[in-house]
>>> print(open('target.pdb').read())   # PDB, C-alpha atoms
ATOM      1  CA  MET A 282      46.804 -57.590  41.907
ATOM      2  CA  ILE A 283      43.590 -56.078  43.224
ATOM      3  CA  GLU A 284      44.993 -52.648  42.615
ATOM      4  CA  TRP A 285      45.783 -53.502  38.994
ATOM      5  CA  PHE A 286      42.309 -54.972  38.547
ATOM      6  CA  SER A 287      40.505 -51.981  39.947
ATOM      7  CA  THR A 288      42.452 -49.079  38.470
ATOM      8  CA  PHE A 289      41.619 -47.588  35.102
ATOM      9  CA  ASN A 290      43.571 -49.230  32.311
ATOM     10  CA  PRO A 291      44.061 -46.955  29.280
ATOM     11  CA  ALA A 292      44.837 -49.882  26.976
ATOM     12  CA  LEU A 293      41.498 -51.529  27.739
ATOM     13  CA  GLY A 294      39.609 -48.282  28.161
ATOM     14  CA  MET A 295      38.180 -49.487  31.483
ATOM     15  CA  PRO A 296      39.377 -51.129  34.677
ATOM     16  CA  PRO A 297      40.245 -54.795  33.992
ATOM     17  CA  VAL A 298      37.674 -55.939  36.530
ATOM     18  CA  SER A 299      35.003 -54.194  34.470
ATOM     19  CA  VAL A 300      35.841 -56.402  31.503
ATOM     20  CA  ILE A 301      34.835 -59.400  33.612
ATOM     21  CA  THR A 302      31.684 -57.803  34.997
ATOM     22  CA  THR A 303      30.583 -56.453  31.604
ATOM     23  CA  ILE A 304      31.006 -59.743  29.774
ATOM     24  CA  PHE A 305      29.353 -61.649  32.618
ATOM     25  CA  GLY A 306      26.437 -59.235  32.864
ATOM     26  CA  ALA A 307      25.865 -59.330  29.114
ATOM     27  CA  PHE A 308      26.086 -63.122  29.189
ATOM     28  CA  CYS A 309      23.564 -63.527  32.025
ATOM     29  CA  ALA A 310      20.951 -61.224  30.560
ATOM     30  CA  THR A 311      21.253 -62.648  27.063
ATOM     31  CA  PHE A 312      21.207 -66.260  28.182
ATOM     32  CA  ALA A 313      18.125 -65.768  30.360
ATOM     33  CA  VAL A 314      16.290 -63.939  27.594
ATOM     34  CA  ILE A 315      17.106 -66.508  24.908
ATOM     35  CA  ILE A 316      16.181 -69.476  27.096
ATOM     36  CA  CYS A 317      13.128 -68.119  28.934
ATOM     37  CA  TRP A 318      11.405 -65.533  26.747
ATOM     38  CA  PRO A 319      10.377 -67.739  23.783
ATOM     39  CA  LYS A 320       9.199 -70.466  26.170
ATOM     40  CA  LEU A 321       7.099 -68.060  28.222
ATOM     41  CA  VAL A 322       5.559 -66.663  25.048
ATOM     42  CA  ARG A 323       4.870 -70.180  23.824
ATOM     43  CA  ASP A 324       3.212 -71.091  27.120
ATOM     44  CA  PHE A 325       1.283 -67.902  27.900
ATOM     45  CA  GLY A 326       1.007 -66.002  24.615
ATOM     46  CA  PRO A 327       1.342 -62.214  24.751
ATOM     47  CA  ILE A 328       0.867 -62.258  28.523
ATOM     48  CA  GLY A 329       4.061 -64.316  28.672
ATOM     49  CA  GLY A 330       5.825 -61.534  26.798
ATOM     50  CA  PHE A 331       4.646 -58.938  29.303
ATOM     51  CA  MET A 332       5.726 -61.192  32.182
ATOM     52  CA  SER A 333       9.131 -61.649  30.558
ATOM     53  CA  ALA A 334       9.538 -57.909  30.110
ATOM     54  CA  THR A 335       8.944 -57.355  33.821
ATOM     55  CA  ILE A 336      10.766 -60.238  35.394
ATOM     56  CA  ILE A 337      13.642 -60.712  32.956
ATOM     57  CA  ILE A 338      14.361 -57.238  31.615
ATOM     58  CA  GLY A 339      13.420 -55.513  34.881
ATOM     59  CA  THR A 340      15.643 -57.761  36.956
ATOM     60  CA  PHE A 341      18.575 -57.681  34.611
ATOM     61  CA  TRP A 342      18.227 -53.946  34.192
ATOM     62  CA  LEU A 343      18.824 -53.700  37.921
ATOM     63  CA  LEU A 344      21.774 -56.070  37.735
ATOM     64  CA  ASN A 345      23.386 -54.495  34.691
ATOM     65  CA  HIS A 346      22.450 -50.845  34.576
ATOM     66  CA  LYS A 347      21.875 -49.564  38.078
ATOM     67  CA  LEU A 348      23.787 -46.380  38.693
ATOM     68  CA  PRO A 349      24.888 -45.231  42.118
ATOM     69  CA  GLY A 350      22.621 -42.958  44.079
ATOM     70  CA  PHE A 351      18.928 -42.286  43.776
ATOM     71  CA  GLY A 352      18.601 -41.239  40.191
ATOM     72  CA  ILE A 353      21.303 -40.741  37.653
ATOM     73  CA  ASN A 354      24.327 -39.297  39.326
ATOM     74  CA  PRO A 355      27.197 -39.199  36.875
ATOM     75  CA  ASP A 356      29.716 -38.487  39.584
ATOM     76  CA  GLY A 357      28.896 -41.733  41.323
ATOM     77  CA  ILE A 358      29.302 -42.338  45.021
ATOM     78  CA  SER A 359      32.881 -41.742  46.021
ATOM     79  CA  TYR A 360      34.835 -44.085  48.232
ATOM     80  CA  PRO A 361      36.196 -42.633  51.465
ATOM     81  CA  ASP A 362      39.683 -43.398  50.150
ATOM     82  CA  GLY A 363      39.070 -41.836  46.748
ATOM     83  CA  GLY A 364      37.706 -43.178  43.498
ATOM     84  CA  TRP A 365      34.102 -43.972  42.784
ATOM     85  CA  LYS A 366      31.989 -47.057  42.616
ATOM     86  CA  GLN A 367      29.888 -48.458  39.805
ATOM     87  CA  TYR A 368      27.001 -50.639  40.872
ATOM     88  CA  GLY A 369      25.813 -52.070  37.562
ATOM     89  CA  LEU A 370      27.641 -54.969  35.986
ATOM     90  CA  ILE A 371      27.894 -53.309  32.573
ATOM     91  CA  TYR A 372      30.562 -50.647  32.742
ATOM     92  CA  GLN A 373      29.570 -47.191  31.555
ATOM     93  CA  ALA A 374      32.467 -45.127  30.344
ATOM     94  CA  TYR A 375      33.158 -41.625  31.599
ATOM     95  CA  LYS A 376      31.030 -42.160  34.721
ATOM     96  CA  GLY A 377      27.877 -42.523  32.659
ATOM     97  CA  ALA A 378      28.074 -39.035  31.146
ATOM     98  CA  CYS A 379      28.744 -40.342  27.668
ATOM     99  CA  PRO A 380      26.777 -42.398  25.131
ATOM    100  CA  TRP A 381      24.981 -45.225  26.912
ATOM    101  CA  VAL A 382      25.818 -48.831  26.105
ATOM    102  CA  ASP A 383      22.649 -50.797  26.659
ATOM    103  CA  MET A 384      22.299 -54.497  27.348
ATOM    104  CA  GLY A 385      20.003 -54.511  24.315
ATOM    105  CA  SER A 386      23.143 -54.753  22.196
ATOM    106  CA  ALA A 387      24.120 -57.961  23.983
ATOM    107  CA  ILE A 388      20.623 -59.457  23.732
ATOM    108  CA  ALA A 389      20.232 -58.585  20.064
ATOM    109  CA  CYS A 390      23.694 -59.880  19.203
ATOM    110  CA  GLY A 391      23.026 -63.036  21.213
ATOM    111  CA  PHE A 392      19.742 -63.774  19.429
ATOM    112  CA  TRP A 393      21.393 -63.231  16.072
ATOM    113  CA  VAL A 394      24.340 -65.508  16.878
ATOM    114  CA  HIS A 395      22.003 -68.087  18.398
ATOM    115  CA  CYS A 396      19.913 -68.268  15.229
ATOM    116  CA  LEU A 397      23.069 -68.347  13.114
ATOM    117  CA  ILE A 398      24.535 -71.290  15.031
ATOM    118  CA  GLY A 399      21.230 -73.133  14.914
ATOM    119  CA  ALA A 400      20.870 -72.693  11.146
ATOM    120  CA  GLN A 401      21.796 -75.375   8.623
ATOM    121  CA  LYS A 402      25.420 -75.337   7.511
ATOM    122  CA  GLY A 403      24.922 -74.381   3.860
ATOM    123  CA  MET A 404      22.291 -71.744   4.598
ATOM    124  CA  ARG A 405      24.277 -69.519   6.926
ATOM    125  CA  ARG A 406      25.834 -67.197   4.371
ATOM    126  CA  SER A 407      22.560 -66.398   2.653
ATOM    127  CA  LEU A 408      20.821 -65.951   6.004
ATOM    128  CA  VAL A 409      23.436 -63.433   7.119
ATOM    129  CA  ILE A 410      23.133 -61.506   3.855
ATOM    130  CA  GLU A 411      19.340 -61.549   4.175
ATOM    131  CA  SER A 412      19.384 -60.248   7.757
ATOM    132  CA  LEU A 413      21.926 -57.436   7.351
ATOM    133  CA  PRO A 414      19.575 -54.905   5.708
ATOM    134  CA  ARG A 415      16.970 -55.553   8.400
ATOM    135  CA  ILE A 416      19.546 -54.976  11.142
ATOM    136  CA  PHE A 417      20.738 -51.842   9.374
ATOM    137  CA  VAL A 418      17.237 -50.433   9.126
ATOM    138  CA  ALA A 419      16.493 -51.313  12.754
ATOM    139  CA  VAL A 420      19.694 -49.623  13.924
ATOM    140  CA  LEU A 421      18.941 -46.610  11.760
ATOM    141  CA  GLY A 422      15.462 -46.355  13.227
ATOM    142  CA  GLY A 423      16.835 -46.566  16.757
ATOM    143  CA  ALA A 424      19.457 -43.940  15.951
ATOM    144  CA  VAL A 425      16.859 -41.516  14.611
ATOM    145  CA  GLY A 426      14.542 -42.074  17.569
ATOM    146  CA  GLY A 427      17.393 -41.693  20.039
ATOM    147  CA  ALA A 428      18.735 -38.575  18.354
ATOM    148  CA  ILE A 429      15.352 -36.885  18.430
ATOM    149  CA  THR A 430      14.856 -37.869  22.069
ATOM    150  CA  GLY A 431      18.301 -36.497  22.884
ATOM    151  CA  LEU A 432      17.377 -33.181  21.287
ATOM    152  CA  ILE A 433      15.086 -32.344  24.198
ATOM    153  CA  GLY A 434      18.270 -31.499  26.077
ATOM    154  CA  PHE A 435      18.627 -28.456  23.823
ATOM    155  CA  THR A 436      15.202 -26.906  24.326
ATOM    156  CA  GLY A 437      16.447 -24.644  27.098
ATOM    157  CA  ALA A 438      13.188 -25.150  28.972
ATOM    158  CA  GLU A 439      13.260 -23.797  32.494
ATOM    159  CA  LEU A 440      10.147 -25.237  34.061
ATOM    160  CA  PHE A 441       9.343 -24.472  37.714
ATOM    161  CA  LYS A 442      11.848 -21.651  37.930
TER
ATOM    162  CA  MET B 134      10.453 -51.660   1.165
ATOM    163  CA  LYS B 135       7.273 -51.373   3.209
ATOM    164  CA  ARG B 136       8.668 -54.020   5.542
ATOM    165  CA  HIS B 137      11.835 -51.957   6.010
ATOM    166  CA  LEU B 138       9.777 -48.843   6.706
ATOM    167  CA  SER B 139       7.860 -50.831   9.292
ATOM    168  CA  THR B 140      11.111 -51.968  10.947
ATOM    169  CA  PHE B 141      12.392 -48.401  10.899
ATOM    170  CA  ILE B 142       9.295 -47.025  12.599
ATOM    171  CA  GLY B 143       9.259 -49.778  15.220
ATOM    172  CA  GLY B 144      12.928 -49.164  15.970
ATOM    173  CA  ALA B 145      12.490 -45.404  16.245
ATOM    174  CA  ILE B 146       9.590 -45.748  18.676
ATOM    175  CA  VAL B 147      11.235 -48.311  20.930
ATOM    176  CA  GLY B 148      14.484 -46.355  21.018
ATOM    177  CA  SER B 149      12.772 -43.089  21.795
ATOM    178  CA  LEU B 150      10.576 -44.604  24.515
ATOM    179  CA  SER B 151      13.432 -46.452  26.230
ATOM    180  CA  PHE B 152      15.659 -43.457  26.601
ATOM    181  CA  GLY B 153      12.995 -40.816  27.003
ATOM    182  CA  ILE B 154      11.292 -42.653  29.855
ATOM    183  CA  TRP B 155      13.735 -44.961  31.582
ATOM    184  CA  PRO B 156      16.116 -42.335  33.035
ATOM    185  CA  GLU B 157      13.217 -40.161  34.188
ATOM    186  CA  MET B 158      11.444 -43.045  35.917
ATOM    187  CA  TRP B 159      14.691 -44.126  37.550
ATOM    188  CA  LYS B 160      15.312 -40.583  38.734
ATOM    189  CA  SER B 161      11.773 -40.255  40.099
ATOM    190  CA  TYR B 162      11.039 -43.677  41.594
ATOM    191  CA  GLY B 163      14.395 -45.423  41.891
ATOM    192  CA  ILE B 164      14.533 -49.160  41.394
ATOM    193  CA  MET B 165      10.767 -49.694  41.273
ATOM    194  CA  GLY B 166      10.635 -47.080  38.541
ATOM    195  CA  GLY B 167      13.048 -49.230  36.568
ATOM    196  CA  PHE B 168      10.855 -52.300  37.001
ATOM    197  CA  LEU B 169       7.751 -50.342  36.060
ATOM    198  CA  THR B 170       9.462 -49.008  32.950
ATOM    199  CA  ALA B 171      10.576 -52.487  31.979
ATOM    200  CA  THR B 172       6.952 -53.616  32.209
ATOM    201  CA  VAL B 173       5.466 -50.655  30.398
ATOM    202  CA  VAL B 174       8.032 -49.838  27.753
ATOM    203  CA  ILE B 175       9.593 -53.200  26.955
ATOM    204  CA  GLY B 176       6.288 -55.015  27.443
ATOM    205  CA  ILE B 177       4.208 -52.916  25.102
ATOM    206  CA  MET B 178       7.048 -52.445  22.639
ATOM    207  CA  TRP B 179       7.685 -56.173  22.535
ATOM    208  CA  TYR B 180       3.974 -56.648  21.867
ATOM    209  CA  MET B 181       4.126 -54.159  19.027
ATOM    210  CA  ASN B 182       7.451 -55.122  17.501
ATOM    211  CA  HIS B 183       7.584 -58.862  17.946
ATOM    212  CA  TRP B 184       4.127 -60.190  18.771
ATOM    213  CA  LEU B 185       2.317 -58.105  16.166
ATOM    214  CA  GLY B 186       5.418 -58.123  13.982
ATOM    215  CA  VAL B 187       6.157 -54.481  13.283
ATOM    216  CA  MET B 188       9.831 -55.393  13.097
ATOM    217  CA  ASP B 189      10.347 -57.586  10.073
ATOM    218  CA  ASN B 190      11.180 -61.177  11.061
ATOM    219  CA  PRO B 191      10.158 -63.641   8.337
ATOM    220  CA  LYS B 192      10.020 -67.318   9.332
ATOM    221  CA  GLY B 193      13.277 -69.224   9.095
ATOM    222  CA  THR B 194      15.560 -66.193   9.094
ATOM    223  CA  LEU B 195      17.965 -64.803  11.666
ATOM    224  CA  TRP B 196      16.079 -63.058  14.455
ATOM    225  CA  VAL B 197      16.427 -59.265  14.480
ATOM    226  CA  ASP B 198      15.624 -58.258  18.038
ATOM    227  CA  GLN B 199      14.424 -54.886  19.225
ATOM    228  CA  GLY B 200      17.680 -54.796  21.182
ATOM    229  CA  TRP B 201      19.397 -53.481  18.042
ATOM    230  CA  PRO B 202      17.427 -50.213  17.920
ATOM    231  CA  ILE B 203      17.604 -49.861  21.712
ATOM    232  CA  ALA B 204      21.384 -50.187  21.648
ATOM    233  CA  ALA B 205      21.711 -47.748  18.749
ATOM    234  CA  SER B 206      19.334 -45.378  20.450
ATOM    235  CA  GLY B 207      21.306 -45.388  23.708
ATOM    236  CA  ILE B 208      24.478 -44.463  21.886
ATOM    237  CA  VAL B 209      23.014 -41.752  19.664
ATOM    238  CA  TRP B 210      20.872 -40.376  22.486
ATOM    239  CA  GLY B 211      23.976 -39.889  24.652
ATOM    240  CA  LEU B 212      25.855 -38.501  21.687
ATOM    241  CA  VAL B 213      23.241 -35.817  21.088
ATOM    242  CA  ARG B 214      22.455 -35.120  24.723
ATOM    243  CA  PHE B 215      26.053 -34.483  25.817
ATOM    244  CA  TYR B 216      26.847 -33.027  22.387
ATOM    245  CA  PRO B 217      29.974 -30.896  22.710
ATOM    246  CA  ASN B 218      31.529 -33.264  25.273
ATOM    247  CA  SER B 219      29.978 -36.583  24.387
ATOM    248  CA  HIS B 220      33.223 -38.660  24.544
ATOM    249  CA  PHE B 221      32.024 -40.945  21.789
ATOM    250  CA  THR B 222      35.170 -43.087  21.618
ATOM    251  CA  HIS B 223      34.942 -44.075  25.283
ATOM    252  CA  ILE B 224      32.054 -46.448  24.633
ATOM    253  CA  PHE B 225      33.776 -48.910  22.336
ATOM    254  CA  PRO B 226      35.453 -51.117  24.998
ATOM    255  CA  THR B 227      32.107 -51.572  26.761
ATOM    256  CA  LEU B 228      30.271 -52.143  23.503
ATOM    257  CA  ILE B 229      32.768 -54.785  22.391
ATOM    258  CA  CYS B 230      32.546 -56.532  25.761
ATOM    259  CA  CYS B 231      28.730 -56.504  25.512
ATOM    260  CA  LEU B 232      28.795 -58.011  22.037
ATOM    261  CA  ILE B 233      31.267 -60.688  23.153
ATOM    262  CA  GLY B 234      29.123 -61.557  26.163
ATOM    263  CA  GLY B 235      25.995 -61.683  24.023
ATOM    264  CA  ALA B 236      27.598 -63.881  21.396
ATOM    265  CA  LEU B 237      28.909 -66.232  24.086
ATOM    266  CA  ALA B 238      25.420 -66.469  25.548
ATOM    267  CA  GLY B 239      23.963 -67.194  22.110
ATOM    268  CA  TRP B 240      26.372 -70.064  21.691
ATOM    269  CA  ALA B 241      25.817 -71.295  25.259
ATOM    270  CA  ALA B 242      22.039 -71.185  24.825
ATOM    271  CA  HIS B 243      22.377 -73.269  21.672
ATOM    272  CA  VAL B 244      24.319 -75.889  23.625
ATOM    273  CA  VAL B 245      22.009 -75.789  26.636
ATOM    274  CA  LYS B 246      18.883 -76.136  24.524
ATOM    275  CA  GLN B 247      20.163 -79.499  23.325
ATOM    276  CA  VAL B 248      20.257 -80.915  26.857
ATOM    277  CA  ALA B 249      17.788 -78.907  28.971
ATOM    278  CA  PRO B 250      14.654 -80.974  29.650
ATOM    279  CA  GLY B 251      12.374 -77.999  29.098
ATOM    280  CA  TRP B 252      13.534 -77.731  25.512
ATOM    281  CA  GLN B 253      13.258 -81.460  24.680
ATOM    282  CA  ASN B 254      10.348 -83.014  22.774
ATOM    283  CA  LEU B 255       8.579 -79.738  22.085
ATOM    284  CA  GLU B 256       6.393 -81.341  19.438
ATOM    285  CA  GLU B 257       5.191 -84.096  21.765
ATOM    286  CA  LYS B 258       4.216 -81.559  24.403
ATOM    287  CA  GLU B 259       2.262 -79.498  21.926
ATOM    288  CA  VAL B 260       0.392 -82.553  20.739
ATOM    289  CA  SER B 261      -0.483 -83.492  24.301
ATOM    290  CA  LYS B 262      -1.929 -80.048  24.856
TER
END
>>> encode(input="target.pdb", output="structure tokens")
Amino acid sequence: MIEWFSTFNPALGMPPVSVITTIFGAFCATFAVIICWPKLVRDFGPIGGFMSATIIIGTFWLLNHKLPGFGINPDGISYPDGGWKQYGLIYQAYKGACPWVDMGSAIACGFWVHCLIGAQKGMRRSLVIESLPRIFVAVLGGAVGGAITGLIGFTGAELFK
Amino acid sequence: MKRHLSTFIGGAIVGSLSFGIWPEMWKSYGIMGGFLTATVVIGIMWYMNHWLGVMDNPKGTLWVDQGWPIAASGIVWGLVRFYPNSHFTHIFPTLICCLIGGALAGWAAHVVKQVAPGWQNLEEKEVSK
């Protein structure tokens, strides 16, 4: 059973145990952000937002995204009996050396769903249609920013050599 | 249109900052670097995008969080950075699990807000302030 849970499953694209940890990690971070962040901002104003960024995002970054080793080590830390260990709850495919899935996706999706569930019954369809272009533009902006940041890998700079 | 341009710019900046700085800080200072980056990057970007409202969120609409551009940025950043061998299709199981977990949490938070004492009688509390 444990062996099946912890070995890579091609049908799922990850070990089955990582499905549990990923969903749980995404759930925890999103729930804490949705419940605490607006209240802290309501109570403390912008200072509450800064506090939330440190104590919520910082803590859940550690829980969800920590990689093995000091610094990013795509090979991970290998077990004595083979294999490697992932320390963050959110599984990163291909030992982290592939596009990064951030917990921002979970938080953004959670906020969107939360507002959708809280909306009045008849309004939901129009609200979804209204929000889609804004999501599209936000995603496009993030994609452009990320692509340009990723380009620094191609500068061929050899500093300190 | 100007509002969409504003959202686009906010998204590009937060995505670029997250993935330009976070890995470097983590590599240099370990876990405390991660906390520091959360404070600096997410803090100031939240202030810009959501407190000052660079990302377009009119009242009474579905909230578009800066998590959307961060998520998109993480994917495209990895795609460009590892370009010939970026293994793009490997991410979808994780991404789907993340979205499921987030949606579950959105639903759960809706339920919890109905019973949690901290979220009851908000109007009364504000009046008493």
>>> interface_residues(input="target.pdb", of="chain A", to="chain B", cutoff="6 Å", atoms="all atoms listed in the file", output="PyMOL selection string")
chain A and resi 294+304+307-308+311-312+331+334-335+339+351-352+374+379-381+383+385-391+393-396+418-420+422-424+426-428+430-431+434
>>> resolve_selection(input="target.pdb", expression="the PyMOL selection byres ((chain A and resi 342-348) around 6)", output="list in words")
Gly306, Ile338, Gly339, Thr340, Phe341, Pro349, Tyr368, Gly369, Leu370 and Ile371 of chain A
>>> write_last_selection(input="target.pdb", atoms="C-alpha atoms", output="PDB file, in the frame of the given file")
ATOM      1  CA  GLY A 306      26.437 -59.235  32.864  1.00  0.00           C
ATOM      2  CA  ILE A 338      14.361 -57.238  31.615  1.00  0.00           C
ATOM      3  CA  GLY A 339      13.420 -55.513  34.881  1.00  0.00           C
ATOM      4  CA  THR A 340      15.643 -57.761  36.956  1.00  0.00           C
ATOM      5  CA  PHE A 341      18.575 -57.681  34.611  1.00  0.00           C
ATOM      6  CA  PRO A 349      24.888 -45.231  42.118  1.00  0.00           C
ATOM      7  CA  TYR A 368      27.001 -50.639  40.872  1.00  0.00           C
ATOM      8  CA  GLY A 369      25.813 -52.070  37.562  1.00  0.00           C
ATOM      9  CA  LEU A 370      27.641 -54.969  35.986  1.00  0.00           C
ATOM     10  CA  ILE A 371      27.894 -53.309  32.573  1.00  0.00           C
TER      11      ILE A 371
END
>>> atom_distance(input="target.pdb", atom1="CA of Val300 in chain A", atom2="CA of Gln373 in chain A")
11.1 Å
>>> atom_distance(input="target.pdb", atom1="CA of Ile328 in chain A", atom2="CA of Ile316 in chain A")
17.0 Å
>>> atom_distance(input="target.pdb", atom1="CA of Ile315 in chain A", atom2="CA of Ile301 in chain A")
21.0 Å
>>> residues_near_point(input="target.pdb", point="(37.6, -50.6, 37.8)", cutoff="12 Å", atoms="only C-alpha atoms", output="ChimeraX atom specification")
/A:283-291,293-303,364-376
>>> residues_around(input="target.pdb", residues="Gly330 in chain A", least_positions_apart="5", cutoff="7 Å", atoms="only C-alpha atoms", output="ChimeraX atom specification")
/A:318,321-322 /B:176
>>> write_last_selection(input="target.pdb", atoms="C-alpha atoms", output="PDB file, keeping the file's coordinate frame")
ATOM      1  CA  TRP A 318      11.405 -65.533  26.747  1.00  0.00           C
ATOM      2  CA  LEU A 321       7.099 -68.060  28.222  1.00  0.00           C
ATOM      3  CA  VAL A 322       5.559 -66.663  25.048  1.00  0.00           C
TER       4      VAL A 322
ATOM      5  CA  GLY B 176       6.288 -55.015  27.443  1.00  0.00           C
TER       6      GLY B 176
END
